[in-house]
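The structure appears right after this line, and notes come after that.
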Amino acid sequence: MYGFKGGYLKHYAIGLNDAKNKTAINSGMIIRAKYIKEYNIRYNTKIKFYGTDDNFMINYQKFNKSFF
């Protein structure tokens with residue numbers, strides 16, 4: 001994800017990945033309850049459906065350098 005334009009990875013992202021400029025699809029995410037509690041994760045209620053996954057990943061990148 002660069003600005004408002006996104007693209008697909010050229011190869012499968014297996015294992016530990018750099019979180020910078022990355023987004024994901026909510027239906028494909030597994031998030032630990034411990035992480036949600038620790039960072040007090042809440043969905044932005046101003047975003048109805050589309051964009052919640054991008055919003056989560058943008059906030060995730062502020063505190064995390066990688067994801068699995």
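Letters A, B, ... mark the chains of the structure tokens in the order given; residue numbers begin at 1 per chain; ligand numbers begin at 1, in order shown.
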
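Residues of chain A carrying a DSSP assignment of alpha helix (DSSP H), computed from the backbone, are Ala33, Lys34, Tyr35, Ile36, Lys37, Glu38, Thr52, Asp53, Asp54, Asn55, Phe56, Met57, Ile58, Asn59, Tyr60, Gln61, Lys62 and Phe63 of chain A.
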
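Secondary structure from DSSP on the backbone puts strand (DSSP E) at the following positions of stretch 11-67 of chain A: A:Asn17, A:Asp18, A:Ser66, A:Phe67.
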
Just C-alpha atoms for this one: save the residues we selected as a PDB file, in the first residue's frame.
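Below you can see out.pdb, which holds the result:
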```
ATOM      1  CA  ASN A  17       7.035 -10.288   7.073  1.00  0.00           C
ATOM      2  CA  ASP A  18       7.912  -6.608   7.168  1.00  0.00           C
ATOM      3  CA  SER A  66       6.547  -7.225  11.366  1.00  0.00           C
ATOM      4  CA  PHE A  67       3.731  -9.751  11.220  1.00  0.00           C
TER       5      PHE A  67
END
```

May I have the residues within 8 Å of stretch 53-55 of chain A as a PyMOL selection string, using only C-alpha atoms and disregarding those fewer than 2 positions away in the same chain?
chain A and resi 23-26+44+50-51+57-59

Can you work out the spacing between atom CA of A:Ile30 and atom CA of A:Tyr43 in Å, to one decimal?
15.1 Å

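For the residues A:Lys65, A:Ala19, A:Ile14, A:Phe56, ranking by smallest atom-to-atom distance to A:Tyr39 using only C-alpha atoms places A:Phe56 first.
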
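The space between atom CA of A:Ile31 and atom CA of A:Lys46 spans 21.4 Å.
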
Kindly indicate which residue among A:Ile47, A:Arg32, A:Lys62, A:Phe68 lies nearest to A:Lys20, using only C-alpha atoms for the distances.
A:Lys62

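Atom CA of A:Ser27 is found 10.9 Å from atom CA of A:Thr52.
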